[in-house]
Amino acid sequence: LISGMPTIDLNDLQANTDYQGYVPSDPQIQWFWNVLRGSTHEEKALFLQFTTGTSKVPLEGFSHLQGMRGVQRFSVHRAYGGAHLLPSAHTCFNQLDLPEYESEEQLKTRLMIAIKEGSKGFGFA
């Protein structure tokens, strides 16, 4: 395969993830990985597209994920401003800004809205 692996290995992604403002044991991070693990293959691909700009995994795995400055690990940053906000992403940096949600269900709902609406691009009114 030239453009990436067909299977999205979440264990590999998790092993190659950095955190800013969160630690792996925080409830929001535990919920985040639970939500991704419970997602369909299509939702996982939409998540990758939303956060990295591509729905494909590098042939060598997530340790070779490319960013603006070459190889750049995926990162989850704490987003401030309230749990009413949707997650946002910076594809040049493989970065997800994740608000401090109050429950796993709230995180799932907001994340799915962000990745599904974000996959449609810009609309014109």
# chains A, B, ... in the order shown; residues from 1 in each chain; ligands from 1
$ select_by_dssp --residues "chain A" --states "strand (DSSP E)" --output "list of chain:residue names"
A:Thr17, A:Asp18, A:Tyr19, A:Gln20, A:Gln66, A:Gly67, A:Gly70, A:Val71, A:Phe74, A:Ser75, A:Val76, A:His77, A:Arg78, A:Ala79, A:Ser88, A:Ala89, A:His90, A:Gln95, A:Leu96, A:Asp97, A:Leu98, A:Pro99
$ select_by_dssp --residues "chain A" --states "alpha helix (DSSP H)" --output "ChimeraX atom specification"
/A:10-15,27-37,41-52,104-118
$ atom_distance --atom1 "CA of Gly70 (chain A)" --atom2 "CA of Lys44 (chain A)"
22.9 Å
$ residues_around --residues "Ile29 (chain A)" --least-positions-apart "3" --cutoff "12 Å" --atoms "only C-alpha atoms" --output "PyMOL selection string"
chain A and resi 14+17-26+32-36+75-78+96-104+107-108
$ write_last_selection --atoms "N, CA and C atoms" --output "PDB file, in the first residue's frame"
ATOM      1  N   GLN A  14      -2.083   5.387  20.672  1.00  0.00           N
ATOM      2  CA  GLN A  14      -1.985   5.730  22.094  1.00  0.00           C
ATOM      3  C   GLN A  14      -0.531   5.706  22.571  1.00  0.00           C
ATOM      4  N   THR A  17       1.358   9.054  21.602  1.00  0.00           N
ATOM      5  CA  THR A  17       0.609  10.270  21.907  1.00  0.00           C
ATOM      6  C   THR A  17       1.249  11.009  23.070  1.00  0.00           C
ATOM      7  N   ASP A  18       1.338  12.328  22.927  1.00  0.00           N
ATOM      8  CA  ASP A  18       1.797  13.210  24.003  1.00  0.00           C
ATOM      9  C   ASP A  18       0.599  13.976  24.550  1.00  0.00           C
ATOM     10  N   TYR A  19       0.723  14.452  25.776  1.00  0.00           N
ATOM     11  CA  TYR A  19      -0.360  15.181  26.429  1.00  0.00           C
ATOM     12  C   TYR A  19       0.156  16.507  26.959  1.00  0.00           C
ATOM     13  N   GLN A  20      -0.642  17.547  26.795  1.00  0.00           N
ATOM     14  CA  GLN A  20      -0.344  18.871  27.341  1.00  0.00           C
ATOM     15  C   GLN A  20      -1.542  19.312  28.174  1.00  0.00           C
ATOM     16  N   GLY A  21      -1.331  19.487  29.474  1.00  0.00           N
ATOM     17  CA  GLY A  21      -2.425  19.882  30.351  1.00  0.00           C
ATOM     18  C   GLY A  21      -3.254  18.708  30.841  1.00  0.00           C
ATOM     19  N   TYR A  22      -2.986  17.554  30.334  1.00  0.00           N
ATOM     20  CA  TYR A  22      -3.608  16.301  30.759  1.00  0.00           C
ATOM     21  C   TYR A  22      -2.508  15.297  31.057  1.00  0.00           C
ATOM     22  N   VAL A  23      -2.847  14.270  31.812  1.00  0.00           N
ATOM     23  CA  VAL A  23      -1.989  13.097  31.977  1.00  0.00           C
ATOM     24  C   VAL A  23      -2.820  11.886  31.585  1.00  0.00           C
ATOM     25  N   PRO A  24      -2.187  10.795  31.205  1.00  0.00           N
ATOM     26  CA  PRO A  24      -2.938   9.627  30.721  1.00  0.00           C
ATOM     27  C   PRO A  24      -3.994   9.098  31.696  1.00  0.00           C
ATOM     28  N   SER A  25      -3.823   9.342  32.990  1.00  0.00           N
ATOM     29  CA  SER A  25      -4.784   8.825  33.973  1.00  0.00           C
ATOM     30  C   SER A  25      -5.982   9.748  34.199  1.00  0.00           C
ATOM     31  N   ASP A  26      -6.000  10.935  33.595  1.00  0.00           N
ATOM     32  CA  ASP A  26      -7.147  11.836  33.752  1.00  0.00           C
ATOM     33  C   ASP A  26      -8.400  11.195  33.173  1.00  0.00           C
ATOM     34  N   PHE A  32     -11.677   9.491  26.391  1.00  0.00           N
ATOM     35  CA  PHE A  32     -11.296   9.715  24.998  1.00  0.00           C
ATOM     36  C   PHE A  32     -10.906   8.402  24.319  1.00  0.00           C
ATOM     37  N   TRP A  33     -10.024   7.628  24.957  1.00  0.00           N
ATOM     38  CA  TRP A  33      -9.600   6.360  24.355  1.00  0.00           C
ATOM     39  C   TRP A  33     -10.748   5.363  24.325  1.00  0.00           C
ATOM     40  N   ASN A  34     -11.613   5.354  25.331  1.00  0.00           N
ATOM     41  CA  ASN A  34     -12.792   4.474  25.318  1.00  0.00           C
ATOM     42  C   ASN A  34     -13.687   4.803  24.128  1.00  0.00           C
ATOM     43  N   VAL A  35     -13.911   6.093  23.903  1.00  0.00           N
ATOM     44  CA  VAL A  35     -14.764   6.524  22.792  1.00  0.00           C
ATOM     45  C   VAL A  35     -14.146   6.093  21.461  1.00  0.00           C
ATOM     46  N   LEU A  36     -12.855   6.316  21.294  1.00  0.00           N
ATOM     47  CA  LEU A  36     -12.220   5.899  20.037  1.00  0.00           C
ATOM     48  C   LEU A  36     -12.289   4.388  19.851  1.00  0.00           C
ATOM     49  N   SER A  75      -0.823  14.650  19.569  1.00  0.00           N
ATOM     50  CA  SER A  75      -0.904  15.199  20.917  1.00  0.00           C
ATOM     51  C   SER A  75      -2.327  15.626  21.249  1.00  0.00           C
ATOM     52  N   VAL A  76      -2.660  15.472  22.523  1.00  0.00           N
ATOM     53  CA  VAL A  76      -3.945  15.915  23.058  1.00  0.00           C
ATOM     54  C   VAL A  76      -3.648  17.031  24.045  1.00  0.00           C
ATOM     55  N   HIS A  77      -4.225  18.204  23.791  1.00  0.00           N
ATOM     56  CA  HIS A  77      -4.026  19.368  24.642  1.00  0.00           C
ATOM     57  C   HIS A  77      -5.327  19.702  25.360  1.00  0.00           C
ATOM     58  N   ARG A  78      -5.213  20.104  26.615  1.00  0.00           N
ATOM     59  CA  ARG A  78      -6.387  20.558  27.352  1.00  0.00           C
ATOM     60  C   ARG A  78      -6.835  21.882  26.733  1.00  0.00           C
ATOM     61  N   LEU A  96      -5.018  17.594  18.931  1.00  0.00           N
ATOM     62  CA  LEU A  96      -6.419  17.697  19.312  1.00  0.00           C
ATOM     63  C   LEU A  96      -6.503  18.549  20.566  1.00  0.00           C
ATOM     64  N   ASP A  97      -7.328  19.591  20.526  1.00  0.00           N
ATOM     65  CA  ASP A  97      -7.613  20.397  21.708  1.00  0.00           C
ATOM     66  C   ASP A  97      -8.912  19.873  22.301  1.00  0.00           C
ATOM     67  N   LEU A  98      -8.809  19.275  23.475  1.00  0.00           N
ATOM     68  CA  LEU A  98      -9.938  18.576  24.095  1.00  0.00           C
ATOM     69  C   LEU A  98     -10.391  19.306  25.355  1.00  0.00           C
ATOM     70  N   PRO A  99     -11.617  19.855  25.346  1.00  0.00           N
ATOM     71  CA  PRO A  99     -12.130  20.492  26.558  1.00  0.00           C
ATOM     72  C   PRO A  99     -12.262  19.493  27.707  1.00  0.00           C
ATOM     73  N   GLU A 100     -12.377  20.018  28.893  1.00  0.00           N
ATOM     74  CA  GLU A 100     -12.501  19.185  30.087  1.00  0.00           C
ATOM     75  C   GLU A 100     -13.970  18.799  30.275  1.00  0.00           C
ATOM     76  N   TYR A 101     -14.388  17.755  29.564  1.00  0.00           N
ATOM     77  CA  TYR A 101     -15.777  17.322  29.618  1.00  0.00           C
ATOM     78  C   TYR A 101     -16.103  16.679  30.964  1.00  0.00           C
ATOM     79  N   GLU A 102     -17.399  16.665  31.280  1.00  0.00           N
ATOM     80  CA  GLU A 102     -17.855  16.200  32.579  1.00  0.00           C
ATOM     81  C   GLU A 102     -18.251  14.730  32.593  1.00  0.00           C
ATOM     82  N   SER A 103     -18.363  14.113  31.411  1.00  0.00           N
ATOM     83  CA  SER A 103     -18.716  12.695  31.335  1.00  0.00           C
ATOM     84  C   SER A 103     -18.228  12.113  30.016  1.00  0.00           C
ATOM     85  N   GLU A 104     -18.151  10.788  29.984  1.00  0.00           N
ATOM     86  CA  GLU A 104     -17.747  10.113  28.748  1.00  0.00           C
ATOM     87  C   GLU A 104     -18.779  10.343  27.656  1.00  0.00           C
ATOM     88  N   LEU A 107     -18.287  13.767  26.160  1.00  0.00           N
ATOM     89  CA  LEU A 107     -17.101  13.745  25.304  1.00  0.00           C
ATOM     90  C   LEU A 107     -17.428  13.080  23.974  1.00  0.00           C
ATOM     91  N   LYS A 108     -18.100  11.945  24.023  1.00  0.00           N
ATOM     92  CA  LYS A 108     -18.436  11.222  22.795  1.00  0.00           C
ATOM     93  C   LYS A 108     -19.320  12.067  21.877  1.00  0.00           C
TER      94      LYS A 108
END
$ residues_around --residues "Ala15 (chain A)" --least-positions-apart "5" --cutoff "9 Å" --atoms "only C-alpha atoms" --output "ChimeraX atom specification"
/A:10,62-63
$ closest_residue --among "A:Ala89, A:Ala83, A:Leu111, A:Ile8" --to "Ala45 (chain A)" --atoms "only C-alpha atoms"
A:Ile8
$ residues_around --residues "Cys92 (chain A)" --least-positions-apart "4" --cutoff "12 Å" --atoms "only C-alpha atoms" --output "short mmCIF file (atom, residue, chain, number, x, y, z; two decimals) with N, CA and C atoms, in the first residue's frame"
data_model
loop_
_atom_site.label_atom_id
_atom_site.label_comp_id
_atom_site.auth_asym_id
_atom_site.auth_seq_id
_atom_site.Cartn_x
_atom_site.Cartn_y
_atom_site.Cartn_z
N GLN A 49 -8.62 12.10 10.00
CA GLN A 49 -8.72 13.19 9.04
C GLN A 49 -8.85 14.52 9.77
N PHE A 50 -9.68 14.55 10.80
CA PHE A 50 -9.93 15.77 11.57
C PHE A 50 -8.66 16.26 12.28
N THR A 51 -7.88 15.34 12.82
CA THR A 51 -6.74 15.74 13.65
C THR A 51 -5.40 15.80 12.91
N THR A 52 -5.27 15.07 11.82
CA THR A 52 -3.97 15.02 11.14
C THR A 52 -4.03 15.49 9.69
N GLY A 53 -5.24 15.63 9.14
CA GLY A 53 -5.37 16.04 7.74
C GLY A 53 -5.40 14.88 6.77
N THR A 54 -5.25 13.65 7.27
CA THR A 54 -5.33 12.47 6.42
C THR A 54 -6.01 11.34 7.19
N LEU A 65 4.32 9.49 12.10
CA LEU A 65 3.29 10.45 11.70
C LEU A 65 3.95 11.77 11.32
N GLN A 66 3.59 12.28 10.15
CA GLN A 66 4.19 13.51 9.65
C GLN A 66 3.39 14.73 10.08
N GLY A 67 4.10 15.76 10.47
CA GLY A 67 3.51 17.05 10.79
C GLY A 67 4.17 18.12 9.96
N MET A 68 3.98 19.35 10.35
CA MET A 68 4.54 20.48 9.61
C MET A 68 6.06 20.47 9.60
N ARG A 69 6.66 19.94 10.65
CA ARG A 69 8.12 19.95 10.78
C ARG A 69 8.72 18.55 10.64
N GLY A 70 8.10 17.71 9.87
CA GLY A 70 8.58 16.34 9.72
C GLY A 70 7.82 15.41 10.65
N VAL A 71 8.50 14.41 11.20
CA VAL A 71 7.84 13.47 12.10
C VAL A 71 7.38 14.22 13.34
N GLN A 72 6.09 14.10 13.64
CA GLN A 72 5.51 14.81 14.78
C GLN A 72 4.43 13.95 15.41
N ARG A 73 4.63 13.63 16.68
CA ARG A 73 3.70 12.77 17.39
C ARG A 73 2.32 13.42 17.51
N PHE A 74 1.30 12.58 17.62
CA PHE A 74 -0.04 13.04 17.90
C PHE A 74 -0.06 13.58 19.34
N SER A 75 -0.82 14.65 19.57
CA SER A 75 -0.90 15.20 20.92
C SER A 75 -2.33 15.63 21.25
N LEU A 96 -5.02 17.59 18.93
CA LEU A 96 -6.42 17.70 19.31
C LEU A 96 -6.50 18.55 20.57
#
$ atom_distance --atom1 "CA of Leu86 (chain A)" --atom2 "CA of Ala114 (chain A)"
6.2 Å
